[in-house]
file protein-v3.cif (mmCIF, C-alpha atoms)
data_coords
#
loop_
_atom_site.label_atom_id
_atom_site.label_comp_id
_atom_site.auth_asym_id
_atom_site.auth_seq_id
_atom_site.Cartn_x
_atom_site.Cartn_y
_atom_site.Cartn_z
CA MET T 26 0.00 0.00 0.00
CA LEU T 27 2.82 2.39 0.86
CA ARG T 28 4.38 1.61 -2.50
CA ILE T 29 1.15 2.69 -4.17
CA LEU T 30 1.07 5.87 -2.11
CA CYS T 31 4.55 6.83 -3.19
CA GLY T 32 3.83 6.02 -6.81
CA LEU T 33 6.11 3.02 -7.27
CA LEU T 34 3.07 0.88 -8.00
CA ALA T 35 0.01 1.94 -9.94
CA PRO T 36 -3.22 1.27 -8.03
CA ALA T 37 -5.52 -1.37 -9.55
CA GLU T 38 -8.35 1.10 -9.39
CA GLY T 39 -8.80 4.67 -8.22
CA GLU T 40 -6.05 7.23 -7.97
CA VAL T 41 -3.74 8.72 -5.37
CA ARG T 42 -4.12 12.43 -4.84
CA TRP T 43 -1.90 14.84 -2.99
CA GLN T 44 -3.50 18.20 -2.25
CA SER T 45 -6.20 17.27 -4.78
CA ALA T 46 -3.76 16.64 -7.62
CA ASN T 47 -3.06 13.16 -8.95
CA ILE T 48 0.47 12.17 -7.92
CA HIS T 49 1.22 10.93 -11.42
CA SER T 50 0.49 14.35 -12.87
CA LEU T 51 2.60 15.91 -10.11
CA GLY T 52 5.49 13.71 -11.21
CA GLU T 53 8.79 14.53 -9.57
CA ASP T 54 7.34 17.52 -7.70
CA TYR T 55 5.45 15.16 -5.41
CA PHE T 56 8.72 14.15 -3.81
CA ASN T 57 9.33 17.65 -2.59
CA PHE T 58 6.53 16.80 -0.16
CA ALA T 59 6.88 13.09 0.40
CA THR T 60 9.67 10.82 1.64
CA TYR T 61 9.46 7.06 1.41
CA LEU T 62 11.62 4.75 3.46
CA GLY T 63 11.23 1.08 2.66
CA HIS T 64 12.56 -2.01 4.36
CA ARG T 65 15.35 -2.11 1.83
CA HIS T 66 16.89 1.04 3.14
CA GLY T 67 19.33 1.92 0.39
CA ILE T 68 22.45 2.09 2.53
CA LYS T 69 25.61 1.40 0.54
CA ASP T 70 28.00 -1.03 2.21
CA GLU T 71 31.06 0.66 0.78
CA LEU T 72 30.16 4.17 1.89
CA THR T 73 30.56 5.57 5.37
CA GLY T 74 27.60 6.79 7.39
CA ILE T 75 28.36 10.39 6.53
CA GLU T 76 28.67 9.69 2.81
CA ASN T 77 25.48 7.66 2.80
CA LEU T 78 23.55 10.44 4.48
CA ARG T 79 24.97 13.26 2.37
CA ILE T 80 24.41 11.42 -0.90
CA ALA T 81 20.89 10.30 0.00
CA ASN T 82 20.03 13.92 0.71
CA ALA T 83 21.79 15.24 -2.36
CA LEU T 84 19.59 12.98 -4.46
CA ASN T 85 16.65 14.79 -2.95
CA GLY T 86 18.15 18.11 -3.96
CA LEU T 87 19.30 18.90 -0.46
CA GLU T 88 22.99 19.44 0.05
CA ILE T 89 24.15 19.27 3.62
CA SER T 90 27.58 19.99 4.97
CA GLU T 91 29.77 17.34 6.51
CA GLU T 92 29.35 18.94 9.95
CA ARG T 93 25.57 18.82 9.68
CA ALA T 94 25.67 15.17 8.63
CA LEU T 95 27.98 14.44 11.54
CA SER T 96 25.70 16.09 14.10
CA VAL T 97 22.61 14.35 12.71
CA LEU T 98 24.30 10.97 12.92
CA ARG T 99 25.28 11.75 16.51
CA THR T 100 21.68 12.47 17.44
CA MET T 101 20.80 9.13 15.86
CA GLY T 102 23.16 7.51 18.34
CA LEU T 103 25.92 6.71 15.89
CA GLY T 104 28.61 8.88 17.48
CA GLY T 105 32.08 7.49 16.85
CA ARG T 106 30.93 5.31 13.95
CA GLU T 107 30.32 8.03 11.38
CA ASN T 108 33.42 7.22 9.37
CA LEU T 109 33.09 3.46 9.32
CA PRO T 110 31.97 1.89 6.05
CA ALA T 111 28.39 0.72 6.46
CA ARG T 112 29.29 -2.93 5.96
CA LEU T 113 30.95 -2.84 9.40
CA LEU T 114 27.76 -1.60 11.03
CA SER T 115 25.07 -3.86 12.41
CA GLU T 116 21.68 -4.03 10.73
CA GLY T 117 20.16 -1.80 13.39
CA GLN T 118 22.91 0.77 13.01
CA ARG T 119 22.47 0.86 9.25
CA ARG T 120 18.79 1.41 9.73
CA ARG T 121 19.64 4.34 11.97
CA VAL T 122 21.76 5.81 9.18
CA ALA T 123 18.81 5.42 6.81
CA LEU T 124 16.45 7.01 9.31
CA ALA T 125 18.80 9.94 9.77
CA ARG T 126 17.49 11.11 6.39
CA LEU T 127 14.16 11.88 7.98
CA VAL T 128 15.76 14.39 10.33
CA VAL T 129 17.09 16.41 7.41
CA CYS T 130 14.56 15.89 4.64
CA GLY T 131 11.99 18.52 5.64
CA THR T 132 9.10 16.95 3.73
CA THR T 133 5.51 16.93 4.98
CA LEU T 134 4.54 13.35 4.29
CA TRP T 135 6.58 10.45 5.63
CA LEU T 136 5.85 7.00 4.29
CA LEU T 137 7.62 4.54 6.54
CA ASP T 138 7.53 0.86 5.69
CA GLU T 139 8.48 -1.55 8.48
CA VAL T 140 10.95 0.90 9.93
CA LEU T 141 10.98 -0.67 13.36
CA THR T 142 12.40 -4.04 12.35
CA SER T 143 15.84 -4.87 13.76
CA LEU T 144 15.84 -1.80 15.96
CA ASP T 145 16.46 -1.98 19.70
CA LYS T 146 14.32 -0.29 22.32
CA ALA T 147 16.38 2.88 22.45
CA ALA T 148 16.17 3.29 18.70
CA VAL T 149 12.43 2.68 18.68
CA ALA T 150 12.10 5.43 21.29
CA LEU T 151 14.21 7.66 19.07
CA ILE T 152 11.97 7.03 16.08
CA ARG T 153 8.94 7.67 18.20
CA SER T 154 10.26 11.04 19.29
CA LEU T 155 11.21 11.84 15.68
CA ILE T 156 7.69 11.11 14.52
CA GLU T 157 6.15 13.02 17.40
CA GLU T 158 8.29 16.01 16.59
CA HIS T 159 7.30 15.71 12.94
CA LEU T 160 3.60 15.59 13.83
CA ALA T 161 3.98 18.55 16.15
CA LYS T 162 5.34 20.52 13.19
CA GLY T 163 2.19 19.69 11.25
CA GLY T 164 3.60 16.79 9.28
CA ILE T 165 1.95 13.54 8.35
CA ALA T 166 3.53 10.16 8.96
CA MET T 167 2.18 6.96 7.53
CA VAL T 168 3.78 4.02 9.26
CA ALA T 169 3.37 0.37 8.38
CA THR T 170 4.36 -1.69 11.37
CA HIS T 171 3.91 -4.97 13.18
CA GLN T 172 5.01 -3.55 16.48
CA GLU T 173 3.13 -1.04 18.54
CA LEU T 174 4.33 2.52 18.11
CA GLU T 175 3.05 4.24 21.22
CA LEU T 176 2.79 7.81 20.12
CA LYS T 177 1.94 10.25 22.86
CA SER T 178 0.87 13.23 20.81
CA GLY T 179 -0.82 13.95 17.52
CA SER T 180 -4.01 12.51 16.11
CA ILE T 181 -3.63 8.88 15.17
CA GLN T 182 -5.66 6.95 12.66
CA ARG T 183 -5.26 3.24 12.63
CA LEU T 184 -5.81 1.27 9.46
CA GLU T 185 -6.09 -2.47 9.86
CA LEU T 186 -5.41 -4.05 6.51
CA ALA T 187 -6.56 -7.57 5.83
CA THR T 188 -4.01 -9.34 3.70
CA MET G 11 13.10 21.89 -9.03
CA SER G 12 15.56 24.49 -10.21
CA ALA G 13 18.34 23.77 -12.65
CA PRO G 14 21.28 24.23 -10.24
CA SER G 15 20.01 21.57 -7.87
CA SER G 16 19.45 19.12 -10.74
CA LEU G 17 22.99 19.77 -11.83
CA SER G 18 24.40 19.25 -8.36
CA MET G 19 22.38 16.06 -8.02
CA PHE G 20 23.86 14.89 -11.32
CA ARG G 21 27.35 15.59 -9.99
CA TRP G 22 26.60 13.71 -6.77
CA ILE G 23 25.39 10.66 -8.68
CA VAL G 24 28.52 10.53 -10.83
CA TRP G 25 30.71 11.16 -7.79
CA ARG G 26 28.96 8.46 -5.78
CA ASP G 27 29.37 5.86 -8.51
CA LEU G 28 33.03 6.77 -8.87
CA ILE G 29 33.63 6.31 -5.13
CA LEU G 30 31.78 2.99 -5.21
CA ALA G 31 33.81 1.82 -8.20
CA TRP G 32 37.02 2.84 -6.46
CA ARG G 33 36.08 0.85 -3.36
CA ARG G 34 35.26 -2.16 -5.55
CA ARG G 35 38.30 -1.90 -7.78
CA ALA G 36 38.38 -5.62 -8.52
CA ASN G 37 35.29 -5.32 -10.72
CA VAL G 38 36.86 -2.66 -12.89
CA LEU G 39 40.14 -4.51 -13.15
CA SER G 40 38.49 -7.75 -14.19
CA THR G 41 36.85 -6.00 -17.15
CA VAL G 42 40.17 -4.53 -18.24
CA PHE G 43 41.94 -7.87 -17.91
CA PHE G 44 39.23 -9.56 -19.93
CA PHE G 45 39.73 -6.99 -22.69
CA VAL G 46 43.51 -7.38 -22.65
CA ILE G 47 43.37 -11.16 -22.74
CA VAL G 48 40.77 -11.42 -25.50
CA VAL G 49 42.70 -9.04 -27.72
CA SER G 50 46.01 -10.76 -26.99
CA LEU G 51 44.67 -14.20 -27.86
CA PHE G 52 44.33 -13.32 -31.54
CA PRO G 53 48.00 -12.71 -32.37
CA LEU G 54 48.83 -15.87 -30.44
CA GLY G 55 46.22 -17.91 -32.26
CA ILE G 56 46.88 -16.61 -35.75
CA GLY G 57 50.65 -16.51 -35.62
CA PRO G 58 53.12 -13.89 -36.79
CA GLU G 59 51.49 -12.96 -40.07
CA THR G 60 51.84 -9.21 -39.89
CA GLN G 61 49.74 -8.43 -42.93
CA LEU G 62 46.75 -10.44 -41.75
CA LEU G 63 47.03 -9.20 -38.16
CA ARG G 64 47.12 -5.61 -39.29
CA LEU G 65 43.95 -6.14 -41.27
CA ILE G 66 41.92 -7.77 -38.53
CA ALA G 67 43.22 -5.56 -35.70
CA PRO G 68 40.45 -2.90 -35.72
CA GLY G 69 37.70 -5.50 -35.75
CA VAL G 70 39.32 -7.56 -33.01
CA VAL G 71 39.87 -4.60 -30.69
CA TRP G 72 36.35 -3.33 -31.26
CA VAL G 73 34.65 -6.69 -30.75
CA ALA G 74 36.68 -7.23 -27.58
CA ALA G 75 35.61 -3.80 -26.33
CA LEU G 76 31.95 -4.65 -26.94
CA LEU G 77 32.27 -7.94 -25.06
CA ALA G 78 34.19 -6.35 -22.21
CA SER G 79 31.55 -3.71 -21.74
CA MET G 80 28.88 -6.42 -21.64
CA LEU G 81 30.61 -7.69 -18.50
CA SER G 82 30.11 -4.44 -16.63
CA LEU G 83 26.63 -3.58 -17.89
CA GLY G 84 24.88 -6.01 -15.59
CA ARG G 85 26.28 -4.13 -12.61
CA MET G 86 25.06 -0.75 -13.78
CA PHE G 87 21.80 -0.86 -11.84
CA GLU G 88 21.96 -4.26 -10.14
CA ASN G 89 23.62 -3.25 -6.86
CA ASP G 90 21.43 -0.21 -6.41
CA TYR G 91 18.41 -2.38 -7.12
CA GLN G 92 19.40 -4.98 -4.52
CA ASP G 93 19.82 -2.58 -1.62
CA GLY G 94 16.92 -0.29 -2.41
CA THR G 95 18.91 2.74 -3.53
CA LEU G 96 17.30 2.58 -6.95
CA GLU G 97 13.87 2.81 -5.36
CA GLN G 98 15.01 5.95 -3.60
CA MET G 99 16.35 7.32 -6.88
CA LEU G 100 12.94 6.89 -8.46
CA LEU G 101 11.44 8.82 -5.58
CA THR G 102 13.58 11.92 -5.81
CA PRO G 103 12.23 15.30 -6.85
CA GLN G 104 14.59 15.18 -9.85
CA PRO G 105 13.82 13.95 -13.34
CA LEU G 106 14.72 10.26 -13.57
CA TYR G 107 16.48 10.57 -16.91
CA LEU G 108 19.06 12.83 -15.25
CA VAL G 109 19.69 10.19 -12.60
CA VAL G 110 20.08 7.60 -15.34
CA LEU G 111 22.34 9.87 -17.37
CA GLY G 112 24.52 10.34 -14.29
CA LYS G 113 24.87 6.61 -13.91
CA ILE G 114 25.64 6.24 -17.61
CA VAL G 115 28.40 8.84 -17.41
CA ALA G 116 29.85 7.11 -14.37
CA HIS G 117 29.70 3.76 -16.14
CA TRP G 118 31.53 5.21 -19.12
CA LEU G 119 34.24 6.74 -16.92
CA VAL G 120 34.71 3.58 -14.88
CA ALA G 121 34.23 0.75 -17.35
CA GLU G 122 34.95 2.18 -20.79
CA ILE G 123 37.67 4.78 -20.37
CA PRO G 124 40.23 2.22 -19.11
CA LEU G 125 39.58 0.18 -22.26
CA VAL G 126 40.02 3.24 -24.47
CA LEU G 127 43.28 4.11 -22.77
CA ILE G 128 44.77 0.66 -23.02
CA ALA G 129 43.61 -0.08 -26.58
CA PRO G 130 46.53 1.68 -28.37
CA LEU G 131 48.95 -0.40 -26.33
CA LEU G 132 47.18 -3.57 -27.41
CA GLY G 133 47.06 -2.34 -31.00
CA MET G 134 50.86 -2.40 -31.05
CA GLN G 135 50.72 -6.20 -30.86
CA PHE G 136 49.11 -6.12 -34.29
CA GLY G 137 51.83 -3.99 -35.83
CA LEU G 138 49.61 -0.95 -36.39
CA SER G 139 51.27 2.32 -37.33
CA ARG G 140 51.21 5.31 -35.03
CA ASP G 141 48.53 7.17 -36.98
CA THR G 142 46.31 4.11 -37.01
CA LEU G 143 46.75 3.65 -33.27
CA LEU G 144 45.72 7.25 -32.74
CA LEU G 145 42.68 6.74 -34.93
CA LEU G 146 41.75 3.58 -33.03
CA PHE G 147 41.92 5.60 -29.83
CA VAL G 148 39.71 8.35 -31.28
CA THR G 149 37.06 5.95 -32.61
CA LEU G 150 36.89 4.18 -29.26
CA LEU G 151 36.62 7.52 -27.49
CA LEU G 152 33.71 8.45 -29.75
CA GLY G 153 32.08 5.03 -29.77
CA THR G 154 32.28 3.82 -26.18
CA PRO G 155 29.77 6.39 -24.82
CA VAL G 156 27.26 4.77 -27.17
CA LEU G 157 28.02 1.40 -25.60
CA SER G 158 27.19 2.78 -22.15
CA LEU G 159 24.10 4.60 -23.43
CA ILE G 160 22.53 1.73 -25.34
CA GLY G 161 23.67 -0.74 -22.72
CA SER G 162 21.83 1.18 -20.01
CA VAL G 163 18.52 0.46 -21.76
CA GLY G 164 19.28 -3.27 -21.78
CA ALA G 165 20.46 -3.15 -18.16
CA ALA G 166 17.27 -1.36 -17.09
CA LEU G 167 14.99 -3.79 -18.90
CA THR G 168 16.67 -6.95 -17.60
CA LEU G 169 16.94 -5.70 -14.04
CA GLY G 170 16.09 -8.29 -11.43
CA LEU G 171 15.53 -11.09 -13.93
CA ARG G 172 17.15 -14.48 -13.57
CA GLY G 173 19.88 -15.08 -16.13
CA SER G 174 19.90 -11.39 -16.96
CA GLY G 175 23.56 -11.60 -18.01
CA VAL G 176 22.78 -13.65 -21.11
CA LEU G 177 19.56 -11.81 -21.82
CA ILE G 178 21.33 -8.48 -21.77
CA SER G 179 23.84 -9.70 -24.38
CA ILE G 180 21.07 -10.88 -26.68
CA LEU G 181 19.25 -7.59 -26.28
CA VAL G 182 22.13 -5.19 -26.54
CA LEU G 183 24.78 -6.75 -28.81
CA PRO G 184 22.64 -6.44 -32.00
CA LEU G 185 22.12 -2.76 -31.18
CA TYR G 186 25.90 -2.33 -30.96
CA ILE G 187 26.34 -3.34 -34.61
CA PRO G 188 26.27 0.20 -36.08
CA VAL G 189 28.93 1.31 -33.60
CA LEU G 190 31.08 -1.68 -34.48
CA ILE G 191 30.73 -1.11 -38.22
CA PHE G 192 31.57 2.58 -38.14
CA GLY G 193 34.19 2.31 -35.40
CA ALA G 194 36.14 -0.56 -36.90
CA GLY G 195 35.36 0.74 -40.39
CA ALA G 196 37.08 4.04 -39.74
CA VAL G 197 40.29 2.34 -38.68
CA GLU G 198 40.14 -0.14 -41.56
CA ALA G 199 39.61 2.69 -44.02
CA SER G 200 42.74 4.42 -42.82
CA ILE G 201 44.74 1.18 -43.03
CA MET G 202 43.53 0.84 -46.64
CA GLY G 203 44.63 4.39 -47.28
CA SER G 204 41.25 6.10 -47.66
CA SER G 205 39.80 8.79 -45.43
CA PRO G 206 38.07 7.67 -42.21
CA GLN G 207 36.12 10.93 -42.00
CA SER G 208 32.71 9.68 -43.10
CA HIS G 209 32.86 6.81 -40.63
CA LEU G 210 33.72 9.19 -37.81
CA TYR G 211 30.82 11.49 -38.70
CA LEU G 212 28.41 8.57 -38.68
CA LEU G 213 29.84 7.35 -35.38
CA GLY G 214 29.22 10.82 -33.93
CA ALA G 215 25.67 10.79 -35.30
CA VAL G 216 24.95 7.43 -33.68
CA GLY G 217 26.34 8.89 -30.45
CA LEU G 218 24.08 11.94 -30.54
CA LEU G 219 21.06 9.84 -31.40
CA SER G 220 21.59 7.47 -28.50
CA LEU G 221 22.38 10.37 -26.15
CA THR G 222 18.95 11.78 -26.99
CA PHE G 223 16.91 8.63 -26.62
CA ALA G 224 18.77 6.12 -24.45
CA PRO G 225 18.39 7.89 -21.06
CA TRP G 226 14.64 8.25 -21.59
CA ALA G 227 14.27 4.64 -22.64
CA ALA G 228 16.38 3.43 -19.71
CA ALA G 229 14.35 5.54 -17.28
CA ALA G 230 11.13 4.06 -18.63
CA GLY G 231 12.67 0.58 -18.38
CA LEU G 232 13.59 1.18 -14.74
CA ARG G 233 10.03 2.22 -13.90
CA ILE G 234 8.73 -0.99 -15.45
CA SER G 235 11.34 -3.16 -13.72
CA LEU G 236 10.59 -1.68 -10.31
CA GLU G 237 6.81 -2.01 -10.44
#

call {"tool": "encode", "arguments": {"input": "protein-v3.cif", "output": "structure tokens"}}
result
Amino acid sequence: MLRILCGLLAPAEGEVRWQSANIHSLGEDYFNFATYLGHRHGIKDELTGIENLRIANALNGLEISEERALSVLRTMGLGGRENLPARLLSEGQRRRVALARLVVCGTTLWLLDEVLTSLDKAAVALIRSLIEEHLAKGGIAMVATHQELELKSGSIQRLELAT
Amino acid sequence: MSAPSSLSMFRWIVWRDLILAWRRRANVLSTVFFFVIVVSLFPLGIGPETQLLRLIAPGVVWVAALLASMLSLGRMFENDYQDGTLEQMLLTPQPLYLVVLGKIVAHWLVAEIPLVLIAPLLGMQFGLSRDTLLLLFVTLLLGTPVLSLIGSVGAALTLGLRGSGVLISILVLPLYIPVLIFGAGAVEASIMGSSPQSHLYLLGAVGLLSLTFAPWAAAAGLRISLE
């Protein structure tokens, strides 16, 4: 479903609209508003955390300095590991690198697919506070998850999808 | 999105692929070695008949270059597809053909330029004169971008399929024929003593044509492959 919402898949019927415009007619512009993070997180094994973060953001037309990338990775709890190639990081740590994108991206709509897998409790708490902060700023987060994400603030709508 | 940010994204893509290639040097080297070995087998197999070797040299070097670039084409999108980066690239606020063009440029720099640089050295095994070696270098320089461009379409269409390596050859090699004819033809013409100019013009025309259409076609192919 999240893949339909971000336009990777065409819906079998109906259409996806963002601010009353079909996302297919919006084309690339849609992604100035939306960020999708799938379970394949797109972290390159050969690149360091900093490089991964800077390049992922540059693809979204957002250039960040090395210092900014460094400080974001520190808030994600990766202090001291910023310059290690990602293949030396654990799965949870890589996921943190991928999630660091959310801190910088500045889009309104977050589409998060199974982001909580292979994260420990501290990281889950971190994600929760990220999402809460995002909601407080008026953003929307759409999260597909098997685990409970106990958000304290914001209005929550729960969709139970039968498979 | 404004033009400067598209341009900077383009630079980042090329830069990223160059870093990745540098950190996986073995891949690049294996392509170069393949090229060197294939070309070197011909003088060994045919024996020291200078006249014959000189005649077949352009064709041999060109065919070897085509085959060597087949080796690296499969990797053009495969790694990014496996780890989800390609998905992210489809979801950027930038036009996809620019992303694809960035990857094509990087592929050319990483996989084709080494072949172009080493080709004159290999040509010496065939007893080619200095002018002919220079011409061989120029035709490869003009022709190899086409290999990356057309190859990207094949790589995009066969992405994620089983046995894509063979499929890509069947798809792409026939499309390489014009490049082979004009590229090798130019060098042959100069060996025969006529002017290679018309061949070079045609090679350039093929290049411009594929530069116009290949990135679009590859981008469309990627969208289909990722659905």

call {"tool": "interface_residues", "arguments": {"input": "protein-v3.cif", "of": "chain G", "to": "chain T", "cutoff": "12 Å", "atoms": "all atoms listed in the file", "output": "ChimeraX atom specification"}}
result
/G:11-35,89-109,112,232-237

call {"tool": "residues_near_point", "arguments": {"input": "protein-v3.cif", "point": "(11.0, 6.8, 19.4)", "cutoff": "12 Å", "atoms": "all atoms listed in the file", "output": "compact mmCIF listing (two decimals) with C-alpha atoms, keeping the file's coordinate frame"}}
result
# COMPACT_ATOMS: atom_id res chain seq x y z
CA MET T 101 20.80 9.13 15.86
CA ARG T 121 19.64 4.34 11.97
CA LEU T 124 16.45 7.01 9.31
CA VAL T 140 10.95 0.90 9.93
CA LEU T 141 10.98 -0.67 13.36
CA LEU T 144 15.84 -1.80 15.96
CA ASP T 145 16.46 -1.98 19.70
CA LYS T 146 14.32 -0.29 22.32
CA ALA T 147 16.38 2.88 22.45
CA ALA T 148 16.17 3.29 18.70
CA VAL T 149 12.43 2.68 18.68
CA ALA T 150 12.10 5.43 21.29
CA LEU T 151 14.21 7.66 19.07
CA ILE T 152 11.97 7.03 16.08
CA ARG T 153 8.94 7.67 18.20
CA SER T 154 10.26 11.04 19.29
CA LEU T 155 11.21 11.84 15.68
CA ILE T 156 7.69 11.11 14.52
CA GLU T 157 6.15 13.02 17.40
CA GLU T 158 8.29 16.01 16.59
CA HIS T 159 7.30 15.71 12.94
CA GLU T 173 3.13 -1.04 18.54
CA LEU T 174 4.33 2.52 18.11
CA GLU T 175 3.05 4.24 21.22
CA LEU T 176 2.79 7.81 20.12
CA LYS T 177 1.94 10.25 22.86

call {"tool": "atom_distance", "arguments": {"input": "protein-v3.cif", "atom1": "CA of Val110 in chain G", "atom2": "CA of Ser162 in chain G"}}
result
8.1 Å

call {"tool": "atom_distance", "arguments": {"input": "protein-v3.cif", "atom1": "CA of Leu127 in chain G", "atom2": "CA of Leu150 in chain G"}}
result
9.1 Å

call {"tool": "closest_residue", "arguments": {"input": "protein-v3.cif", "among": "T:Ile75, T:Arg99, T:Leu136, T:Ser143", "to": "Ala111 in chain T", "atoms": "only C-alpha atoms"}}
result
T:Ile75

call {"tool": "atom_distance", "arguments": {"input": "protein-v3.cif", "atom1": "CA of Leu62 in chain G", "atom2": "CA of Leu143 in chain G"}}
result
16.4 Å

call {"tool": "resolve_selection", "arguments": {"input": "protein-v3.cif", "expression": "the PyMOL selection byres ((chain G and resi 165) around 10)", "output": "list of chain:residue names"}}
result
G:Met80, G:Ser82, G:Leu83, G:Gly84, G:Arg85, G:Met86, G:Phe87, G:Glu88, G:Ser158, G:Ile160, G:Gly161, G:Ser162, G:Val163, G:Gly164, G:Ala166, G:Leu167, G:Thr168, G:Leu169, G:Gly170, G:Ser174, G:Gly175, G:Leu177, G:Ile178, G:Ser179, G:Leu181, G:Val182, G:Ala228, G:Gly231, G:Leu232

call {"tool": "resolve_selection", "arguments": {"input": "protein-v3.cif", "expression": "the PyMOL selection byres ((chain G and resi 189-193) around 8)", "output": "number ranges by chain"}}
result
G: 69, 72-73, 149-150, 153, 156, 186-188, 194-197, 209-210, 212-213, 216

call {"tool": "closest_residue", "arguments": {"input": "protein-v3.cif", "among": "T:Pro110, T:Gly39, T:Gly117, T:Gly104", "to": "Thr142 in chain T", "atoms": "all atoms listed in the file"}}
result
T:Gly117

call {"tool": "resolve_selection", "arguments": {"input": "protein-v3.cif", "expression": "the PyMOL selection byres ((chain G and resi 44) around 10)", "output": "JSON, numbers by chain"}}
result
{"G": [39, 40, 41, 42, 43, 45, 46, 47, 48, 49, 50, 74, 75, 77, 78, 79, 81]}

call {"tool": "decode", "arguments": {"input": "protein-v3.cif", "residues": "range 73-126 of chain T", "atoms": "C-alpha atoms", "output": "PDB file, in the first residue's frame"}}
result
ATOM      1  CA  THR T  73      30.557   5.565   5.367  1.00  0.00           C
ATOM      2  CA  GLY T  74      27.603   6.791   7.395  1.00  0.00           C
ATOM      3  CA  ILE T  75      28.355  10.395   6.528  1.00  0.00           C
ATOM      4  CA  GLU T  76      28.670   9.686   2.810  1.00  0.00           C
ATOM      5  CA  ASN T  77      25.480   7.661   2.803  1.00  0.00           C
ATOM      6  CA  LEU T  78      23.552  10.442   4.481  1.00  0.00           C
ATOM      7  CA  ARG T  79      24.971  13.260   2.374  1.00  0.00           C
ATOM      8  CA  ILE T  80      24.415  11.415  -0.896  1.00  0.00           C
ATOM      9  CA  ALA T  81      20.886  10.304  -0.002  1.00  0.00           C
ATOM     10  CA  ASN T  82      20.029  13.924   0.708  1.00  0.00           C
ATOM     11  CA  ALA T  83      21.792  15.243  -2.356  1.00  0.00           C
ATOM     12  CA  LEU T  84      19.592  12.985  -4.459  1.00  0.00           C
ATOM     13  CA  ASN T  85      16.649  14.790  -2.952  1.00  0.00           C
ATOM     14  CA  GLY T  86      18.149  18.111  -3.963  1.00  0.00           C
ATOM     15  CA  LEU T  87      19.298  18.897  -0.463  1.00  0.00           C
ATOM     16  CA  GLU T  88      22.986  19.441   0.053  1.00  0.00           C
ATOM     17  CA  ILE T  89      24.154  19.267   3.624  1.00  0.00           C
ATOM     18  CA  SER T  90      27.580  19.986   4.971  1.00  0.00           C
ATOM     19  CA  GLU T  91      29.768  17.341   6.508  1.00  0.00           C
ATOM     20  CA  GLU T  92      29.351  18.938   9.952  1.00  0.00           C
ATOM     21  CA  ARG T  93      25.572  18.824   9.678  1.00  0.00           C
ATOM     22  CA  ALA T  94      25.669  15.167   8.632  1.00  0.00           C
ATOM     23  CA  LEU T  95      27.979  14.441  11.543  1.00  0.00           C
ATOM     24  CA  SER T  96      25.705  16.088  14.102  1.00  0.00           C
ATOM     25  CA  VAL T  97      22.607  14.349  12.714  1.00  0.00           C
ATOM     26  CA  LEU T  98      24.298  10.966  12.919  1.00  0.00           C
ATOM     27  CA  ARG T  99      25.279  11.748  16.510  1.00  0.00           C
ATOM     28  CA  THR T 100      21.678  12.474  17.441  1.00  0.00           C
ATOM     29  CA  MET T 101      20.804   9.128  15.863  1.00  0.00           C
ATOM     30  CA  GLY T 102      23.160   7.514  18.343  1.00  0.00           C
ATOM     31  CA  LEU T 103      25.924   6.710  15.890  1.00  0.00           C
ATOM     32  CA  GLY T 104      28.611   8.879  17.485  1.00  0.00           C
ATOM     33  CA  GLY T 105      32.083   7.491  16.847  1.00  0.00           C
ATOM     34  CA  ARG T 106      30.934   5.312  13.953  1.00  0.00           C
ATOM     35  CA  GLU T 107      30.319   8.028  11.377  1.00  0.00           C
ATOM     36  CA  ASN T 108      33.417   7.219   9.370  1.00  0.00           C
ATOM     37  CA  LEU T 109      33.085   3.457   9.316  1.00  0.00           C
ATOM     38  CA  PRO T 110      31.972   1.890   6.053  1.00  0.00           C
ATOM     39  CA  ALA T 111      28.392   0.719   6.457  1.00  0.00           C
ATOM     40  CA  ARG T 112      29.290  -2.933   5.963  1.00  0.00           C
ATOM     41  CA  LEU T 113      30.954  -2.837   9.396  1.00  0.00           C
ATOM     42  CA  LEU T 114      27.761  -1.603  11.035  1.00  0.00           C
ATOM     43  CA  SER T 115      25.069  -3.861  12.411  1.00  0.00           C
ATOM     44  CA  GLU T 116      21.679  -4.035  10.734  1.00  0.00           C
ATOM     45  CA  GLY T 117      20.163  -1.804  13.392  1.00  0.00           C
ATOM     46  CA  GLN T 118      22.907   0.773  13.010  1.00  0.00           C
ATOM     47  CA  ARG T 119      22.469   0.865   9.245  1.00  0.00           C
ATOM     48  CA  ARG T 120      18.792   1.409   9.728  1.00  0.00           C
ATOM     49  CA  ARG T 121      19.638   4.342  11.971  1.00  0.00           C
ATOM     50  CA  VAL T 122      21.757   5.811   9.177  1.00  0.00           C
ATOM     51  CA  ALA T 123      18.807   5.424   6.814  1.00  0.00           C
ATOM     52  CA  LEU T 124      16.449   7.013   9.313  1.00  0.00           C
ATOM     53  CA  ALA T 125      18.797   9.942   9.769  1.00  0.00           C
ATOM     54  CA  ARG T 126      17.494  11.111   6.388  1.00  0.00           C
TER      55      ARG T 126
END
